[in-house]
file my_file-v2.txt (compact mmCIF, C-alpha atoms and all ligand atoms)
# COMPACT_ATOMS: atom_id res chain seq x y z
CA MET A 168 12.52 -17.67 -27.42
CA VAL A 169 12.22 -18.49 -23.73
CA GLU A 170 11.92 -15.53 -21.35
CA LYS A 171 13.73 -15.57 -18.02
CA VAL A 172 10.76 -14.07 -16.19
CA VAL A 173 7.19 -13.14 -17.08
CA ILE A 174 5.25 -10.92 -14.70
CA ILE A 175 1.44 -10.83 -14.76
CA GLY A 176 -0.24 -7.77 -13.25
CA SER A 177 0.12 -4.01 -13.15
CA GLY A 178 -0.07 -2.75 -9.56
CA PRO A 179 2.75 -1.97 -7.13
CA ALA A 180 3.65 -5.68 -6.79
CA ALA A 181 4.06 -6.28 -10.53
CA HIS A 182 6.00 -3.08 -11.20
CA THR A 183 8.31 -3.48 -8.21
CA ALA A 184 9.05 -7.01 -9.41
CA ALA A 185 9.71 -5.61 -12.90
CA ILE A 186 12.06 -2.88 -11.63
CA TYR A 187 14.12 -5.41 -9.66
CA ALA A 188 14.10 -8.02 -12.42
CA ALA A 189 15.06 -5.49 -15.08
CA ARG A 190 17.90 -4.11 -12.99
CA ALA A 191 19.08 -7.71 -12.47
CA GLU A 192 19.24 -8.00 -16.30
CA MET A 193 16.46 -10.60 -16.49
CA GLN A 194 14.75 -8.65 -19.32
CA PRO A 195 11.25 -9.07 -17.85
CA VAL A 196 8.08 -9.25 -19.91
CA LEU A 197 5.09 -7.74 -18.09
CA PHE A 198 1.44 -8.29 -19.03
CA GLU A 199 -0.46 -5.38 -17.49
CA GLY A 200 -3.93 -6.51 -18.61
CA PHE A 201 -6.65 -4.67 -20.48
CA MET A 202 -9.44 -3.95 -17.97
CA ALA A 203 -8.54 -7.30 -16.39
CA GLY A 204 -10.94 -8.07 -13.55
CA GLY A 205 -12.77 -4.86 -14.51
CA VAL A 206 -9.87 -2.64 -13.37
CA ALA A 207 -7.67 -0.47 -15.58
CA ALA A 208 -4.00 -1.29 -16.02
CA GLY A 209 -2.34 0.14 -12.95
CA GLY A 210 -4.55 -1.83 -10.59
CA GLN A 211 -6.58 -0.81 -7.59
CA LEU A 212 -4.71 2.44 -7.01
CA THR A 213 -6.21 3.77 -10.26
CA THR A 214 -9.57 3.77 -8.43
CA THR A 215 -8.50 5.93 -5.51
CA THR A 216 -7.84 9.61 -4.87
CA GLU A 217 -4.96 10.55 -2.57
CA VAL A 218 -2.49 7.93 -1.37
CA GLU A 219 -1.06 9.30 1.85
CA ASN A 220 0.77 6.31 3.27
CA PHE A 221 3.23 5.36 0.52
CA PRO A 222 6.68 6.52 1.64
CA GLY A 223 8.38 9.23 -0.40
CA PHE A 224 5.30 11.40 -0.92
CA PRO A 225 4.96 13.55 2.21
CA ASP A 226 2.11 15.56 0.67
CA GLY A 227 0.32 12.47 -0.69
CA ILE A 228 -0.07 11.57 -4.35
CA PRO A 229 -3.16 10.72 -6.45
CA GLY A 230 -3.41 6.93 -6.96
CA PRO A 231 -3.42 7.09 -10.79
CA GLU A 232 -0.30 9.28 -10.79
CA LEU A 233 1.50 6.88 -8.45
CA THR A 234 0.75 3.93 -10.78
CA GLU A 235 1.94 5.95 -13.80
CA ARG A 236 5.21 6.50 -11.96
CA PHE A 237 5.55 2.77 -11.18
CA ARG A 238 5.03 2.02 -14.88
CA ALA A 239 7.51 4.65 -16.04
CA GLN A 240 10.14 3.25 -13.69
CA SER A 241 9.60 -0.31 -15.00
CA ALA A 242 9.89 0.92 -18.58
CA ARG A 243 12.99 2.98 -17.82
CA PHE A 244 14.96 -0.17 -16.95
CA GLY A 245 13.81 -2.02 -20.06
CA THR A 246 10.72 -3.99 -18.99
CA ARG A 247 8.72 -5.03 -22.08
CA LEU A 248 5.12 -4.03 -21.31
CA HIS A 249 2.08 -5.52 -23.06
CA THR A 250 -1.41 -4.14 -22.48
CA GLU A 251 -2.91 -7.63 -22.72
CA THR A 252 -4.77 -9.83 -20.26
CA VAL A 253 -3.37 -13.28 -19.57
CA THR A 254 -6.22 -15.67 -20.27
CA ARG A 255 -4.53 -18.90 -19.19
CA VAL A 256 -1.22 -20.49 -18.26
CA ASP A 257 0.27 -23.96 -18.64
CA LEU A 258 2.39 -24.78 -15.61
CA SER A 259 2.61 -28.53 -16.22
CA SER A 260 6.31 -28.30 -17.12
CA ARG A 261 9.11 -25.74 -17.38
CA PRO A 262 9.38 -23.52 -19.34
CA PHE A 263 5.88 -22.42 -18.37
CA ARG A 264 3.58 -21.14 -21.09
CA VAL A 265 1.58 -17.90 -20.80
CA PHE A 266 -1.33 -17.15 -23.15
CA THR A 267 -3.05 -13.90 -24.10
CA ASP A 268 -5.45 -13.36 -27.01
CA GLU A 269 -2.51 -12.06 -29.02
CA ARG A 270 0.48 -14.23 -28.14
CA GLU A 271 1.99 -17.18 -26.29
CA VAL A 272 5.17 -16.73 -24.28
CA ASP A 273 7.46 -19.32 -22.69
CA ALA A 274 8.94 -18.42 -19.32
CA LEU A 275 11.51 -20.01 -17.03
CA THR A 276 9.95 -18.27 -14.03
CA LEU A 277 6.58 -16.62 -13.49
CA ILE A 278 5.46 -13.90 -11.11
CA ILE A 279 1.73 -13.68 -10.42
CA ALA A 280 0.78 -10.16 -9.27
CA THR A 281 -2.78 -9.90 -10.53
CA GLY A 282 -4.23 -8.40 -7.36
CA ALA A 283 -7.89 -8.38 -6.48
CA THR A 284 -11.15 -6.80 -7.68
CA ALA A 285 -13.94 -5.09 -5.71
CA LYS A 286 -16.86 -7.39 -4.83
CA ARG A 287 -20.51 -6.69 -5.61
CA MET A 288 -23.53 -7.81 -3.59
CA ASP A 289 -26.16 -9.92 -5.29
CA LEU A 290 -29.15 -7.82 -4.17
CA PRO A 291 -32.59 -7.81 -5.80
CA GLY A 292 -32.77 -4.68 -7.93
CA ALA A 293 -28.99 -4.17 -8.01
CA ARG A 294 -28.09 -6.72 -10.66
CA ASP A 295 -26.98 -6.28 -14.28
CA GLY A 296 -30.00 -5.22 -16.33
CA GLU A 297 -31.63 -3.81 -13.16
CA LEU A 298 -30.15 -0.79 -11.38
CA TRP A 299 -26.47 -1.77 -11.71
CA GLN A 300 -24.73 1.34 -13.11
CA LYS A 301 -28.05 3.20 -12.81
CA GLY A 302 -27.23 4.37 -9.33
CA VAL A 303 -25.54 1.17 -8.09
CA SER A 304 -21.73 0.99 -8.23
CA ALA A 305 -18.75 -0.77 -6.64
CA CYS A 306 -16.39 2.17 -7.03
CA ALA A 307 -17.28 5.51 -5.50
CA VAL A 308 -14.03 7.08 -6.60
CA CYS A 309 -14.63 6.08 -10.23
CA ASP A 310 -18.34 6.97 -10.39
CA GLY A 311 -19.08 9.37 -7.52
CA ALA A 312 -18.70 12.55 -9.55
CA LEU A 313 -21.44 11.55 -12.02
CA PRO A 314 -24.36 14.00 -12.19
CA ILE A 315 -26.89 11.37 -11.00
CA PHE A 316 -25.28 11.43 -7.55
CA ARG A 317 -25.07 15.23 -7.15
CA ASP A 318 -26.93 16.58 -4.11
CA ARG A 319 -28.66 13.24 -3.52
CA PRO A 320 -28.54 11.08 -0.41
CA LEU A 321 -26.11 8.20 -0.99
CA VAL A 322 -25.61 4.82 0.69
CA VAL A 323 -22.27 3.05 1.15
CA ILE A 324 -22.12 -0.58 2.31
CA GLY A 325 -19.14 -1.85 4.32
CA GLY A 326 -17.10 -1.21 7.44
CA GLY A 327 -13.50 -1.34 6.18
CA ASP A 328 -11.09 1.36 5.04
CA SER A 329 -12.62 1.39 1.54
CA ALA A 330 -16.05 2.14 2.98
CA MET A 331 -14.59 4.95 5.11
CA GLU A 332 -12.69 6.41 2.20
CA GLU A 333 -15.61 6.12 -0.19
CA SER A 334 -18.16 7.64 2.16
CA THR A 335 -15.85 10.54 2.97
CA PHE A 336 -15.18 11.05 -0.74
CA LEU A 337 -18.90 10.96 -1.57
CA THR A 338 -19.68 13.80 0.84
CA LYS A 339 -18.19 16.07 -1.85
CA TYR A 340 -21.11 15.20 -4.12
CA GLY A 341 -24.06 13.82 -2.13
CA SER A 342 -26.37 15.73 0.18
CA ARG A 343 -25.91 13.08 2.87
CA VAL A 344 -24.07 9.75 3.07
CA TYR A 345 -25.43 6.75 4.99
CA LEU A 346 -22.75 4.24 5.90
CA VAL A 347 -24.49 0.90 6.36
CA HIS A 348 -22.51 -1.82 8.13
CA ARG A 349 -23.59 -5.29 9.19
CA ARG A 350 -21.94 -5.22 12.62
CA ASP A 351 -21.99 -2.69 15.45
CA GLU A 352 -18.28 -1.99 15.12
CA LEU A 353 -16.22 -0.93 12.13
CA ARG A 354 -13.25 -2.86 10.80
CA ALA A 355 -11.49 0.23 9.41
CA SER A 356 -8.29 1.76 10.82
CA ARG A 357 -8.72 4.27 13.63
CA ILE A 358 -7.75 7.34 11.62
CA MET A 359 -10.18 6.52 8.81
CA GLN A 360 -12.98 5.87 11.33
CA GLN A 361 -12.29 9.20 13.02
CA ARG A 362 -12.65 11.04 9.72
CA VAL A 363 -16.02 9.42 9.14
CA ARG A 364 -17.30 9.90 12.67
CA SER A 365 -16.35 13.57 12.66
CA ASN A 366 -17.94 14.28 9.27
CA PRO A 367 -21.36 15.86 9.83
CA LYS A 368 -22.59 14.70 6.41
CA ILE A 369 -22.08 11.01 7.22
CA GLU A 370 -24.62 9.01 9.23
CA LEU A 371 -23.58 5.60 10.53
CA VAL A 372 -26.26 2.92 10.16
CA LEU A 373 -24.70 0.08 12.14
CA SER A 374 -26.03 -3.49 12.52
CA HIS A 375 -27.95 -3.14 9.27
CA VAL A 376 -27.76 -5.02 5.97
CA PRO A 377 -29.12 -3.95 2.59
CA VAL A 378 -31.88 -6.21 1.27
CA ALA A 379 -32.95 -4.55 -1.99
CA ALA A 380 -32.25 -1.68 -4.35
CA ILE A 381 -35.46 0.21 -5.10
CA GLY A 382 -36.25 2.18 -8.25
CA ALA A 383 -37.45 1.84 -11.84
CA ALA A 384 -35.22 3.66 -14.34
CA LYS A 385 -32.72 4.69 -11.67
CA LEU A 386 -32.08 4.05 -8.00
CA GLU A 387 -34.53 5.80 -5.65
CA GLY A 388 -33.83 4.03 -2.38
CA VAL A 389 -32.19 1.17 -0.51
CA LYS A 390 -34.20 -1.18 1.67
CA VAL A 391 -32.19 -2.12 4.76
CA ARG A 392 -32.82 -4.53 7.63
CA ASP A 393 -31.82 -4.04 11.26
CA VAL A 394 -30.12 -7.35 12.11
CA THR A 395 -30.97 -7.01 15.80
CA THR A 396 -34.73 -6.38 15.40
CA ASN A 397 -35.30 -7.68 11.84
CA ARG A 398 -37.22 -4.46 11.12
CA GLU A 399 -36.93 -3.17 7.55
CA ARG A 400 -37.02 0.39 6.24
CA VAL A 401 -36.16 2.24 3.05
CA ILE A 402 -33.44 4.88 2.96
CA ALA A 403 -34.22 7.29 0.11
CA ALA A 404 -31.05 7.39 -1.97
CA GLY A 405 -29.78 8.22 -5.45
CA GLY A 406 -26.66 6.08 -5.08
CA LEU A 407 -25.68 2.72 -3.63
CA PHE A 408 -21.96 1.94 -3.43
CA PHE A 409 -20.57 -1.46 -2.41
CA ALA A 410 -17.31 -1.28 -0.48
CA ILE A 411 -17.29 -4.84 0.84
CA GLY A 412 -13.87 -6.12 -0.06
CA HIS A 413 -12.26 -7.87 -2.95
CA GLN A 414 -12.01 -11.03 -5.01
CA PRO A 415 -8.51 -12.25 -5.97
CA ASN A 416 -7.84 -12.42 -9.73
CA THR A 417 -6.82 -16.07 -9.99
CA ASP A 418 -9.34 -17.68 -12.37
CA PHE A 419 -6.82 -17.72 -15.23
CA LEU A 420 -4.62 -20.08 -13.20
CA GLY A 421 -7.13 -22.87 -13.75
CA GLY A 422 -6.36 -24.53 -10.41
CA GLN A 423 -2.71 -25.23 -11.33
CA VAL A 424 -1.40 -23.25 -8.35
CA LYS A 425 -2.66 -24.00 -4.85
CA CYS A 426 -5.23 -21.39 -3.74
CA ASP A 427 -7.21 -21.15 -0.51
CA ALA A 428 -10.98 -21.42 -0.17
CA ASP A 429 -11.41 -17.72 -1.11
CA GLY A 430 -9.24 -18.08 -4.23
CA TYR A 431 -6.09 -16.39 -2.86
CA VAL A 432 -2.78 -17.95 -3.96
CA VAL A 433 -1.17 -19.81 -1.05
CA THR A 434 2.48 -18.90 -0.49
CA LYS A 435 4.90 -20.63 1.84
CA PRO A 436 5.02 -18.50 5.04
CA GLY A 437 7.74 -15.87 4.95
CA THR A 438 8.29 -16.38 1.21
CA VAL A 439 6.53 -15.68 -2.10
CA GLU A 440 6.90 -19.30 -3.25
CA THR A 441 3.77 -21.00 -4.53
CA SER A 442 2.98 -24.71 -4.81
CA VAL A 443 4.77 -24.75 -8.22
CA PRO A 444 8.57 -24.34 -8.09
CA GLY A 445 9.56 -21.33 -10.22
CA VAL A 446 6.15 -19.65 -9.86
CA PHE A 447 6.02 -16.80 -7.35
CA ALA A 448 3.09 -14.69 -6.16
CA ALA A 449 3.18 -11.11 -4.87
CA GLY A 450 0.75 -8.48 -3.67
CA ASP A 451 -2.95 -8.74 -2.90
CA VAL A 452 -3.38 -11.92 -4.94
CA GLN A 453 -1.66 -13.78 -2.08
CA ASP A 454 -2.36 -11.40 0.81
CA LYS A 455 -5.71 -11.30 2.61
CA LYS A 456 -4.46 -9.46 5.61
CA TRP A 457 -2.29 -6.41 4.90
CA ARG A 458 -3.39 -5.47 1.35
CA GLN A 459 -1.48 -2.21 1.08
CA ALA A 460 0.47 -0.68 -1.78
CA VAL A 461 3.69 -0.81 0.19
CA THR A 462 3.28 -4.46 1.23
CA ALA A 463 2.43 -5.35 -2.37
CA ALA A 464 5.60 -3.56 -3.48
CA GLY A 465 7.60 -5.39 -0.78
CA THR A 466 6.46 -8.83 -1.91
CA GLY A 467 7.01 -7.78 -5.54
CA CYS A 468 10.65 -7.17 -4.64
CA MET A 469 10.80 -10.58 -2.92
CA ALA A 470 9.32 -12.26 -6.00
CA ALA A 471 11.90 -10.79 -8.38
CA LEU A 472 14.81 -11.69 -6.09
CA SER A 473 13.37 -15.19 -5.59
CA ALA A 474 13.06 -15.66 -9.36
CA GLU A 475 16.66 -14.55 -9.78
CA HIS A 476 17.86 -17.03 -7.12
CA PHE A 477 15.72 -19.77 -8.65
CA LEU A 478 17.30 -19.23 -12.07
CA ALA A 479 20.79 -19.22 -10.56
CA GLU A 480 20.05 -22.60 -8.95
CA HIS A 481 17.99 -24.28 -11.67
CA GLY A 482 18.95 -22.49 -14.87
P1 LIG B 501 -3.59 -4.54 -7.85
O1 LIG B 501 -3.43 -3.12 -7.49
O2 LIG B 501 -4.81 -5.25 -7.45
O3 LIG B 501 -3.40 -4.64 -9.44
C1 LIG B 501 -3.41 -5.84 -10.13
C2 LIG B 501 -3.79 -5.55 -11.56
O4 LIG B 501 -3.27 -6.54 -12.43
C3 LIG B 501 -5.30 -5.63 -11.84
O5 LIG B 501 -6.01 -4.53 -11.38
C4 LIG B 501 -5.30 -5.74 -13.36
O6 LIG B 501 -5.13 -4.45 -13.94
C5 LIG B 501 -4.05 -6.58 -13.61
N1 LIG B 501 -4.46 -7.96 -13.90
C6 LIG B 501 -5.36 -8.75 -13.22
N2 LIG B 501 -5.53 -9.94 -13.83
C7 LIG B 501 -4.70 -9.92 -14.91
C8 LIG B 501 -4.44 -10.85 -15.94
N3 LIG B 501 -5.03 -12.05 -15.97
N4 LIG B 501 -3.57 -10.49 -16.91
C9 LIG B 501 -2.94 -9.29 -16.89
N5 LIG B 501 -3.16 -8.37 -15.93
C10 LIG B 501 -4.03 -8.67 -14.96
N6 LIG B 501 -3.29 0.92 -0.24
C11 LIG B 501 -2.44 1.79 0.32
O7 LIG B 501 -1.32 1.42 0.67
N7 LIG B 501 -2.78 3.11 0.48
C12 LIG B 501 -3.96 3.60 0.07
O8 LIG B 501 -4.24 4.78 0.23
C13 LIG B 501 -4.89 2.70 -0.55
N8 LIG B 501 -6.07 3.13 -0.99
C14 LIG B 501 -6.91 2.25 -1.61
C15 LIG B 501 -8.14 2.73 -2.10
C16 LIG B 501 -9.00 1.88 -2.74
C17 LIG B 501 -10.33 2.42 -3.26
C18 LIG B 501 -8.65 0.50 -2.91
C19 LIG B 501 -9.61 -0.42 -3.63
C20 LIG B 501 -7.44 0.03 -2.41
C21 LIG B 501 -6.57 0.90 -1.76
N9 LIG B 501 -5.37 0.45 -1.24
C22 LIG B 501 -4.50 1.34 -0.67
C23 LIG B 501 -4.93 -0.95 -1.41
C24 LIG B 501 -3.94 -1.05 -2.61
O9 LIG B 501 -4.52 -0.43 -3.76
C25 LIG B 501 -3.63 -2.49 -2.93
O10 LIG B 501 -3.12 -3.12 -1.76
C26 LIG B 501 -2.57 -2.62 -4.02
O11 LIG B 501 -2.93 -1.90 -5.17
C27 LIG B 501 -2.36 -4.08 -4.39
O12 LIG B 501 -1.42 -4.10 -5.40
P2 LIG B 501 -1.18 -5.36 -6.31
O13 LIG B 501 0.07 -5.04 -7.04
O14 LIG B 501 -1.27 -6.61 -5.55
O15 LIG B 501 -2.37 -5.43 -7.36
P1 LIG B 502 -12.11 -5.18 4.02
O1 LIG B 502 -12.12 -6.64 3.72
O2 LIG B 502 -11.12 -4.63 4.97
O3 LIG B 502 -13.56 -4.75 4.54
C1 LIG B 502 -14.75 -5.20 3.90
C2 LIG B 502 -15.94 -4.70 4.71
O4 LIG B 502 -17.15 -5.09 4.04
C3 LIG B 502 -15.98 -5.31 6.10
O5 LIG B 502 -16.37 -4.34 7.03
C4 LIG B 502 -17.02 -6.42 5.95
O6 LIG B 502 -17.75 -6.62 7.13
C5 LIG B 502 -17.96 -5.86 4.90
N1 LIG B 502 -18.60 -6.93 4.12
C6 LIG B 502 -17.99 -7.94 3.43
N2 LIG B 502 -18.90 -8.71 2.82
C7 LIG B 502 -20.10 -8.19 3.12
C8 LIG B 502 -21.42 -8.57 2.79
N3 LIG B 502 -21.68 -9.61 2.00
N4 LIG B 502 -22.43 -7.83 3.28
C9 LIG B 502 -22.18 -6.74 4.06
N5 LIG B 502 -20.94 -6.33 4.41
C10 LIG B 502 -19.91 -7.06 3.94
O7 LIG B 502 -12.00 -4.48 2.57
P2 LIG B 502 -11.60 -2.97 2.18
O8 LIG B 502 -11.83 -2.94 0.72
O9 LIG B 502 -12.26 -1.99 3.03
O10 LIG B 502 -10.02 -2.87 2.45
C11 LIG B 502 -9.10 -3.79 1.80
C12 LIG B 502 -7.66 -3.42 2.12
O11 LIG B 502 -7.31 -2.18 1.47
C13 LIG B 502 -7.45 -3.22 3.62
O12 LIG B 502 -6.22 -3.74 3.97
C14 LIG B 502 -7.43 -1.72 3.78
O13 LIG B 502 -6.64 -1.32 4.88
C15 LIG B 502 -6.85 -1.25 2.44
N6 LIG B 502 -7.29 0.11 2.15
C16 LIG B 502 -6.55 1.13 2.67
C17 LIG B 502 -6.93 2.41 2.52
C18 LIG B 502 -6.08 3.47 3.11
O14 LIG B 502 -5.19 3.16 3.86
N7 LIG B 502 -6.29 4.72 2.78
C19 LIG B 502 -8.15 2.76 1.78
C20 LIG B 502 -8.90 1.62 1.31
C21 LIG B 502 -8.47 0.34 1.50
P3 LIG B 502 -17.06 -7.26 8.45
O15 LIG B 502 -16.22 -6.17 9.02
O16 LIG B 502 -18.25 -7.60 9.27
O17 LIG B 502 -16.30 -8.45 7.97

call {"tool": "encode", "arguments": {"input": "my_file-v2.txt", "output": "structure tokens"}}
result
Amino acid sequence: MVEKVVIIGSGPAAHTAAIYAARAEMQPVLFEGFMAGGVAAGGQLTTTTEVENFPGFPDGIPGPELTERFRAQSARFGTRLHTETVTRVDLSSRPFRVFTDEREVDALTLIIATGATAKRMDLPGARDGELWQKGVSACAVCDGALPIFRDRPLVVIGGGDSAMEESTFLTKYGSRVYLVHRRDELRASRIMQQRVRSNPKIELVLSHVPVAAIGAAKLEGVKVRDVTTNRERVIAAGGLFFAIGHQPNTDFLGGQVKCDADGYVVTKPGTVETSVPGVFAAGDVQDKKWRQAVTAAGTGCMAALSAEHFLAEHG
């Protein structure tokens, strides 16, 4: 059987595409992944606390609850959901073929909404088998409440909204939070910066980069370097959290769709069309700039409508 549309992903882009496609009677199949890219089905919002800027929730809503609601709405209109990760695709001809470890599916159109995953720094001492997950993490919201971080000084690396959110969140657990950023100005939005700057438990360590994670069985400190003087010092810390951005989840495409130098799917400006006719991309996997739940949802809607128009034209 050939499906009209297969959607890959599980964040706001994928589920918005599914809601629109299902309501358009395209009977979508959605692969939500199983810890794909190291993130639970539901996507990046499963790793955050309150989402305060998604319309319709004036009091905010916890990220995991919002993603549960997206999923329930997709299911309500008949989307067939599989908790499987797509391992590869064959886009050499239509119908396209989509592979997981459990099945192969043929699809007349494909929507890629696989998002992005938090990046880690390759620091001495912080690698797998060293102090990774022994005080070093890339998700404060997932790990911050662990006992090893309680009442300890903690270090967050980054200057974007994630770093602001994570350092603010960690003040609930740590005795002090050092926010280490490589430049002398932050990239984060004004409101998030204000929260950090007005929090007495957070100390900004600007124009510094981390050079090593220190400790034997668990993290004891982070060696940092002042990029203006080259002087190094150790910040005593029980936790080191990377909040330095994301890597798009596009490896499974095997180079069959045009991606940019950072691995993001390239879409034709103003559309969600990729280099392969009938293959559309939505959300953070094709968006380096806005990367918000609501923009992901918006492009998810565009992808479903584009797939519908494509089928009407091409069958
Ligand atoms: P994602 O949310 O990235 O989800 C894609 C998911 O698809 C993956 O996580 C994985 O589960 C699945 N997947 C990946 N590969 C495969 C595969 N091969 N097969 C099957 N499934 C796969 N935005 C806001 O608007 N407001 C906020 O308050 C906010 N807070 C944030 C807090 C944090 C800590 C982070 C990291 C981000 C936050 N963002 C926020 C950004 C927002 O989460 C993202 O812009 C949005 O989730 C992107 O949605 P998406 O649908 O593109 O994909
Ligand atoms: P960003 O790409 O916005 O920021 C990454 C930060 O990490 C930058 O400050 C960057 O420095 C720094 N960085 C990157 N690589 C390195 C490195 N190798 N060494 C040291 N520092 C490094 O990513 P975010 O995850 O913060 O945000 C992604 C998107 O999600 C944004 O659109 C953001 O608005 C959104 N978001 C929204 C939230 C909200 O609204 N509540 C919460 C969290 C995220 P530099 O600035 O020098 O490039």

call {"tool": "closest_atom_pairs", "arguments": {"input": "my_file-v2.txt", "of": "chain A", "to": "ligand LIG 501 (chain B)", "cutoff": "7 Å", "atoms": "all atoms listed in the file", "output": "Markdown table"}}
result
| residue | atom | partner | partner_atom | distance |
| --- | --- | --- | --- | --- |
| A:Ile175 | CA | B:LIG501 | C9 | 5.1 |
| A:Gly176 | CA | B:LIG501 | O4 | 3.4 |
| A:Ser177 | CA | B:LIG501 | O4 | 4.3 |
| A:Gly178 | CA | B:LIG501 | O13 | 3.4 |
| A:Pro179 | CA | B:LIG501 | O13 | 4.1 |
| A:Ala180 | CA | B:LIG501 | O13 | 3.6 |
| A:Ala181 | CA | B:LIG501 | O13 | 5.4 |
| A:Phe198 | CA | B:LIG501 | C9 | 5.0 |
| A:Glu199 | CA | B:LIG501 | N5 | 4.3 |
| A:Gly200 | CA | B:LIG501 | N5 | 3.4 |
| A:Phe201 | CA | B:LIG501 | O6 | 6.7 |
| A:Met202 | CA | B:LIG501 | O6 | 5.9 |
| A:Ala203 | CA | B:LIG501 | C4 | 4.7 |
| A:Gly204 | CA | B:LIG501 | C6 | 5.6 |
| A:Val206 | CA | B:LIG501 | O5 | 4.7 |
| A:Ala207 | CA | B:LIG501 | O6 | 5.0 |
| A:Ala208 | CA | B:LIG501 | O6 | 3.9 |
| A:Gly209 | CA | B:LIG501 | O6 | 5.5 |
| A:Gly210 | CA | B:LIG501 | O5 | 3.2 |
| A:Gln211 | CA | B:LIG501 | O1 | 3.9 |
| A:Leu212 | CA | B:LIG501 | O9 | 4.3 |
| A:Thr214 | CA | B:LIG501 | C17 | 5.4 |
| A:Thr215 | CA | B:LIG501 | C17 | 4.6 |
| A:Glu217 | CA | B:LIG501 | O8 | 6.5 |
| A:Val218 | CA | B:LIG501 | O8 | 3.9 |
| A:Glu219 | CA | B:LIG501 | O8 | 5.8 |
| A:Asn220 | CA | B:LIG501 | N7 | 5.5 |
| A:Phe221 | CA | B:LIG501 | O7 | 6.0 |
| A:Glu251 | CA | B:LIG501 | C9 | 6.1 |
| A:Thr252 | CA | B:LIG501 | N4 | 3.6 |
| A:Val253 | CA | B:LIG501 | N4 | 3.9 |
| A:Thr254 | CA | B:LIG501 | N3 | 5.7 |
| A:Ala280 | CA | B:LIG501 | O14 | 5.5 |
| A:Thr281 | CA | B:LIG501 | O4 | 3.9 |
| A:Gly282 | CA | B:LIG501 | O2 | 3.2 |
| A:Ala283 | CA | B:LIG501 | O2 | 4.5 |
| A:Thr284 | CA | B:LIG501 | O2 | 6.5 |
| A:Ala285 | CA | B:LIG501 | C19 | 6.7 |
| A:Val308 | CA | B:LIG501 | C17 | 6.8 |
| A:Ser329 | CA | B:LIG501 | C17 | 5.4 |
| A:Asn416 | CA | B:LIG501 | N2 | 5.3 |
| A:Phe419 | CA | B:LIG501 | N3 | 6.0 |
| A:Ala449 | CA | B:LIG501 | O14 | 6.4 |
| A:Gly450 | CA | B:LIG501 | O14 | 3.3 |
| A:Asp451 | CA | B:LIG501 | O14 | 3.8 |
| A:Val452 | CA | B:LIG501 | O14 | 5.7 |
| A:Arg458 | CA | B:LIG501 | O10 | 3.9 |
| A:Gln459 | CA | B:LIG501 | O10 | 3.4 |
| A:Ala460 | CA | B:LIG501 | O7 | 3.7 |
| A:Val461 | CA | B:LIG501 | O7 | 5.5 |
| A:Ala463 | CA | B:LIG501 | O14 | 5.0 |
| A:Ala464 | CA | B:LIG501 | O13 | 6.7 |

call {"tool": "residues_near_ligand", "arguments": {"input": "my_file-v2.txt", "ligand": "ligand LIG 502 (chain B)", "cutoff": "9 Å", "atoms": "all atoms listed in the file", "output": "ChimeraX atom specification"}}
result
/A:215,217-220,285-289,324-333,347-356,359,375-377,409-413,451,455-460

call {"tool": "atom_distance", "arguments": {"input": "my_file-v2.txt", "atom1": "CA of Glu297 in chain A", "atom2": "CA of Pro314 in chain A"}}
result
19.3 Å

call {"tool": "residues_around", "arguments": {"input": "my_file-v2.txt", "residues": "Leu337 in chain A", "least_positions_apart": "5", "cutoff": "12 Å", "atoms": "only C-alpha atoms", "output": "NGL selection string"}}
result
:A and (216 or 306-313 or 316-323 or 329-332 or 342-346 or 363 or 366 or 368-369 or 405-408)

call {"tool": "atom_distance", "arguments": {"input": "my_file-v2.txt", "atom1": "CA of Arg190 in chain A", "atom2": "CA of Gly223 in chain A"}}
result
20.7 Å

call {"tool": "closest_residue", "arguments": {"input": "my_file-v2.txt", "among": "A:Gly382, A:Arg357, A:Ser334, A:Phe447", "to": "Glu370 in chain A", "atoms": "all atoms listed in the file"}}
result
A:Ser334

call {"tool": "closest_residue", "arguments": {"input": "my_file-v2.txt", "among": "A:Met168, A:Val173, A:Met469, A:Ile358", "to": "Ile279 in chain A", "atoms": "all atoms listed in the file"}}
result
A:Val173

call {"tool": "atom_distance", "arguments": {"input": "my_file-v2.txt", "atom1": "CA of Gly245 in chain A", "atom2": "CA of Asp268 in chain A"}}
result
23.4 Å

call {"tool": "closest_residue", "arguments": {"input": "my_file-v2.txt", "among": "A:Leu258, A:Val389, A:Ala479, A:Leu290", "to": "Gly421 in chain A", "atoms": "all atoms listed in the file"}}
result
A:Leu258

call {"tool": "residues_near_point", "arguments": {"input": "my_file-v2.txt", "point": "(-32.9, -3.7, 8.2)", "cutoff": "9 Å", "atoms": "only C-alpha atoms", "output": "compact mmCIF listing (two decimals) with C-alpha atoms, keeping the file's coordinate frame"}}
result
# COMPACT_ATOMS: atom_id res chain seq x y z
CA SER A 374 -26.03 -3.49 12.52
CA HIS A 375 -27.95 -3.14 9.27
CA VAL A 376 -27.76 -5.02 5.97
CA PRO A 377 -29.12 -3.95 2.59
CA VAL A 378 -31.88 -6.21 1.27
CA LYS A 390 -34.20 -1.18 1.67
CA VAL A 391 -32.19 -2.12 4.76
CA ARG A 392 -32.82 -4.53 7.63
CA ASP A 393 -31.82 -4.04 11.26
CA VAL A 394 -30.12 -7.35 12.11
CA THR A 395 -30.97 -7.01 15.80
CA THR A 396 -34.73 -6.38 15.40
CA ASN A 397 -35.30 -7.68 11.84
CA ARG A 398 -37.22 -4.46 11.12
CA GLU A 399 -36.93 -3.17 7.55
CA ARG A 400 -37.02 0.39 6.24
CA VAL A 401 -36.16 2.24 3.05
